[in-house]
Each structure stands twice: as C-alpha cells, then as structure tokens.
Amino acid sequence: MTTRIALAVLHARLYAQRRIVVYACVAAFLAGFVQPDGLAAPLFLCSLLGITTALAQSPGLHPHLDSCEQSAPLFGRHLARAKALVPCAAATLAVGVYAVAEALRGTPDVAMTFVLVLGAVVPATLVALSATIRRGAPRVLYVAFAACVAIAAYALVSRTHSLIAELSLCAIVAFVALRQYGEALGRYDPI
Amino acid sequence: MLLPMPLLRMREATFGTGEACAGPVTLDVERGERAALHVSSAREAAIVAAMAAAVVKASSGCVLIADYDPHVQSVACKRVAALVPHEPFTLNDDEFARYIEYRAELWKLEPRRARAYAAELRRQLADMHEALAYPLIGALIGMPKLLVLDRPQPVYAQQVLAAAGECAVLSTHDDAAAARVFAPKALHFLKAVES
C-alpha cells in the first residue's frame, strides 16, 4: 500500500465523517474539562468514541466511497490498513482534545494519561472495525470484545500500575485485530 | 497458434450465500463487444455484474477477466474491469470533484488528467441525469477495458455506449426490453442458463 492511497482514504473518509469527528472531539473536550481526576473517564469515554467512529466505517453509510473502495485495484489487507487509519486518527484526535481540556483545567500527569488512554483506545477501535463487515450476533460480539479490550487495559493499569504491561497487551491485541480485519475484508463480498 | 482469450469468460459461474444467489452464468465477452445479459431478478443482475467486475468472487464455476482469476488476481482483474452500480450517486459538484480525486488516487491516476477526462465525459453526458452519470464517469476515468453496468437505464443507452468508446460493455438487466436496447444484435443478447 502506498502512502498516497492511505492518505487518500484517510482524507476522503474523514471529510465524509467530519460531523462525527467534530461531535467526538466536542464530547471529549467537555468531559475532559468537567471530569474528576482519574483514568476511568477518559479511557472509557475515548474507547466508546473510538468504537463509534469505527462503526461509522460500516458499508452503506457512504455508498459512493464504498463502491469506489470495493472496485478499486487494492488487496483487502491494504484497504484494511488504510481504512483502519480513519477511526484511529479520529480517536487519537478525541484523546488529544481530552488531554488539552485536562491541561487547561490544570490536571497533573496529562502526558501519562494521554499515553495510557491512547494505548487502550487504538486496540478497542481496531477490534470494533471487524464488526463493520458483520451483521447480527457476530457484530454485537465484536463490539462487546472491543469494550472488553478497554476494560482489560484499564484493569491491567489499575492493578499493575505498569505502562509497559498495558502497552504490550494493547499492541498484541491491535496487531491481531488489524490482521483479522484485513483477512475478513479480503474475503468480504458486498452482497 | 493460440487463439486470444475473450476479455471476460464466465463458465457456469454461480454465487450463493444463505440469502443471495445467482447463476449459473456462461458467457464470453470479446474486446470492444457490447453484450447484455437478461436475468430473472434485480438482485441477480446486481450479483452477476459484481461477479463480472471481480467485486464479488464466484462460489463455483469459472470467471476469467482478461485471463486473470478474481480469486487469486483480483487486483489485476479490477484494473481491467470497472463496475457501474445501479444505485445513483446523490453528490453535489464539490462532492463529485472530491469523488473523482479519490478515484484517481485509488487507481493511481494523474489527478489533473483524471479531472480533465471527467469534465470531458460530463460534457459528453450532459443530457444524462447527473446522479446516473457520476458513477459512469467514475468508472471510465480508470480507462477500463471492460465496463460492467448493473441495470443501466435504457433511456440513456446511446449516451452510455458512446461514452464507453472502444471499451467492451456488459450490462445486466432484469428486463428483456432494456437488454435489447444495450445489445440489439441477437448474437449479443445472452440469457443466463436456468438452474
């Protein structure tokens, strides 16, 4: 996959979903400004926003983009990587806005919170992407699994207080989720 | 001496899932040919068109697009064949310009040339409703050798075939009269084999 294609997919989809991205950022800013100190609120809120933006990649919401991508001369795994960038970028933006709001409020350890939250949000978002090309129970299962990833990351940080442990777990989950999404998208028939 | 393969060869090609099924379809489309396929339902027409453009893969039987097998060489197939979906695109001018740029990026075309070609096609298809012209223009800017149309409007047949130029055209229809408009010669009017 070339950078050109990845940027094109990112640009086209972020533009088409600009309202969702703006709403996510506004929600993150408001929550970041009023929430009490702690990791639970930003981690779960931003994971929820990441899952929401991932589900916004479902086929049918932007038919002209879907039709274009399905008939484009790209391998499924290449398209999957490019499409995965979109909710990850939107979720990262929301986490960044949350961190900015926290910094404005004078919350300590904003940088550490940013890294911990981002570490959980990205794999949750990537797991939720697999739900976009499924229907019924498998779709619900993937969304539930994405929520479980966020809960597991939070539990790990709360118990071990280890950034390395959380990031390691999340990196493994994110890698497997992206591979899984690529394989599923390669076999996906849009009928 | 080996004879050249047809641009599109389908042999007993079927698609089947729990809800949707189509075929078996057997046909050949040569370079520059106009062919129309009449099938029994709109759903089947959409599936056969998607199979012919390598957007979906046949569950059984054989589909070859310019000698490439969509199961293993889908990227090469998609460079040869372009699908024009039945559903119109409701885009404004700005969104259409973005759509053309997006397509140009995905097909690795030179954006300025793609925009110019799209504008030329838009002028050529001035009489056609823009919502129906946009998917066709998007498909043609990639310079495909085979244009696959899913249930195109018969009223615009002349404009569509003129815009396609030397590109081979296969259209799928759930209406026999519409199929005849796109491929009036009996030779080119194909009927899916009833299963």
# chains A, B, ... in the order shown; residues from 1 in each chain; ligands from 1
call {"tool": "residues_around", "arguments": {"residues": "region 40-52 of chain A", "least_positions_apart": "4", "cutoff": "10 Å", "atoms": "only C-alpha atoms", "output": "ChimeraX atom specification"}}
result
/A:20-21,23-25,27-28,31-32,35-36,56-57,87-96,98-99,102,113-114,116-129,131,143,146-147,149-151,153-155,158
call {"tool": "closest_atom_pairs", "arguments": {"of": "chain A", "to": "chain B", "cutoff": "6 Å", "atoms": "only C-alpha atoms", "output": "CSV"}}
result
residue,atom,partner,partner_atom,distance
A:Ile5,CA,B:Leu106,CA,5.8
A:Ser71,CA,B:Val55,CA,5.7
A:Pro73,CA,B:Val75,CA,4.3
A:Leu74,CA,B:Val75,CA,5.6
A:Asp189,CA,B:Val56,CA,5.2
call {"tool": "write_last_selection", "arguments": {"atoms": "N, CA and C atoms", "output": "short mmCIF file (atom, residue, chain, number, x, y, z; two decimals), in the first residue's frame"}}
result
data_model
loop_
_atom_site.label_atom_id
_atom_site.label_comp_id
_atom_site.auth_asym_id
_atom_site.auth_seq_id
_atom_site.Cartn_x
_atom_site.Cartn_y
_atom_site.Cartn_z
N ILE A 5 -2.26 6.25 -1.24
CA ILE A 5 -3.58 5.63 -1.10
C ILE A 5 -4.09 5.75 0.33
N SER A 71 -14.41 -1.64 -5.64
CA SER A 71 -13.98 -1.95 -7.01
C SER A 71 -12.56 -1.46 -7.30
N PRO A 73 -8.48 -1.38 -7.41
CA PRO A 73 -7.47 -2.44 -7.52
C PRO A 73 -6.54 -2.47 -6.31
N LEU A 74 -7.09 -2.89 -5.18
CA LEU A 74 -6.32 -2.95 -3.92
C LEU A 74 -6.55 -4.31 -3.28
N ASP A 189 -17.67 -10.16 0.67
CA ASP A 189 -18.45 -9.96 -0.55
C ASP A 189 -19.56 -8.96 -0.24
#
call {"tool": "atom_distance", "arguments": {"atom1": "CA of Phe182 (chain B)", "atom2": "CA of Gln70 (chain A)"}}
result
25.3 Å
call {"tool": "select_by_dssp", "arguments": {"residues": "chain B", "states": "strand (DSSP E or B)", "output": "count of residues only"}}
result
48
call {"tool": "atom_distance", "arguments": {"atom1": "CA of Ala176 (chain B)", "atom2": "CA of Tyr156 (chain B)"}}
result
16.0 Å
call {"tool": "closest_residue", "arguments": {"among": "A:Ala184, A:Ile191, A:Ala137, A:Val9", "to": "Glu44 (chain B)", "atoms": "only C-alpha atoms"}}
result
A:Ile191
call {"tool": "closest_residue", "arguments": {"among": "A:Leu79, A:Cys68, A:Met112, A:Leu141", "to": "His161 (chain A)", "atoms": "only C-alpha atoms"}}
result
A:Met112
call {"tool": "select_by_dssp", "arguments": {"residues": "region 60-185 of chain B", "states": "helix (DSSP H, G or I)", "output": "tab-separated table (two decimals) with C-alpha atoms, in the first residue's frame"}}
result
chain	number	residue	atom	x	y	z
B	74	SER	CA	-8.39	-9.62	-8.03
B	75	VAL	CA	-6.21	-6.52	-8.28
B	76	ALA	CA	-5.32	-7.27	-11.92
B	77	CYS	CA	-9.00	-8.03	-12.67
B	78	LYS	CA	-10.11	-4.73	-11.16
B	79	ARG	CA	-7.66	-2.85	-13.38
B	80	VAL	CA	-9.33	-4.40	-16.44
B	93	ASP	CA	-20.46	19.45	-7.62
B	94	ASP	CA	-17.91	19.72	-4.82
B	95	GLU	CA	-18.51	16.15	-3.67
B	96	PHE	CA	-18.26	14.94	-7.26
B	97	ALA	CA	-14.89	16.67	-7.67
B	98	ARG	CA	-13.72	15.00	-4.45
B	99	TYR	CA	-15.06	11.66	-5.66
B	100	ILE	CA	-13.09	11.92	-8.91
B	101	GLU	CA	-9.93	12.84	-6.99
B	102	TYR	CA	-10.47	9.91	-4.63
B	103	ARG	CA	-10.92	7.51	-7.51
B	104	ALA	CA	-7.84	8.90	-9.22
B	105	GLU	CA	-5.80	8.28	-6.06
B	106	LEU	CA	-7.08	4.71	-5.61
B	111	PRO	CA	-5.22	13.71	-10.74
B	112	ARG	CA	-5.15	16.59	-13.22
B	113	ARG	CA	-5.65	14.26	-16.16
B	114	ALA	CA	-8.44	12.42	-14.34
B	115	ARG	CA	-10.22	15.70	-13.59
B	116	ALA	CA	-9.90	16.83	-17.22
B	117	TYR	CA	-11.20	13.49	-18.51
B	118	ALA	CA	-14.09	13.59	-16.02
B	119	ALA	CA	-15.02	17.08	-17.21
B	120	GLU	CA	-14.91	15.93	-20.82
B	121	LEU	CA	-17.14	12.94	-20.01
B	122	ARG	CA	-19.51	15.20	-18.09
B	123	ARG	CA	-19.91	17.36	-21.21
B	124	GLN	CA	-20.42	14.26	-23.32
B	130	GLU	CA	-26.04	13.72	-13.14
B	131	ALA	CA	-26.81	11.18	-10.40
B	132	LEU	CA	-26.64	8.44	-13.04
B	133	ALA	CA	-23.73	9.99	-14.95
B	134	TYR	CA	-21.41	10.27	-11.92
B	135	PRO	CA	-20.90	6.52	-11.34
B	136	LEU	CA	-20.31	6.03	-15.07
B	137	ILE	CA	-17.77	8.84	-15.22
B	138	GLY	CA	-16.04	7.47	-12.13
B	139	ALA	CA	-15.77	4.05	-13.77
B	140	LEU	CA	-14.48	5.40	-17.07
B	154	PRO	CA	-32.33	2.10	-21.26
B	155	VAL	CA	-33.30	5.71	-21.95
B	156	TYR	CA	-29.60	6.67	-21.74
B	157	ALA	CA	-28.27	3.69	-23.70
B	158	GLN	CA	-26.91	5.73	-26.61
B	159	GLN	CA	-25.02	8.15	-24.38
B	160	VAL	CA	-23.61	5.34	-22.24
B	161	LEU	CA	-22.40	3.30	-25.20
B	162	ALA	CA	-20.94	6.39	-26.87
B	163	ALA	CA	-19.08	7.35	-23.69
B	164	ALA	CA	-17.72	3.80	-23.38
B	176	ALA	CA	-35.54	-8.13	-21.58
B	177	ALA	CA	-36.51	-4.95	-23.44
B	178	ALA	CA	-33.80	-2.95	-21.66
B	179	ALA	CA	-31.24	-5.64	-22.51
B	180	ARG	CA	-32.12	-5.40	-26.21
B	181	VAL	CA	-31.56	-1.64	-26.14
B	182	PHE	CA	-27.99	-2.15	-24.91
call {"tool": "closest_residue", "arguments": {"among": "A:Cys148, A:Leu7, A:Val22, A:Val115", "to": "Leu163 (chain A)", "atoms": "only C-alpha atoms"}}
result
A:Val115
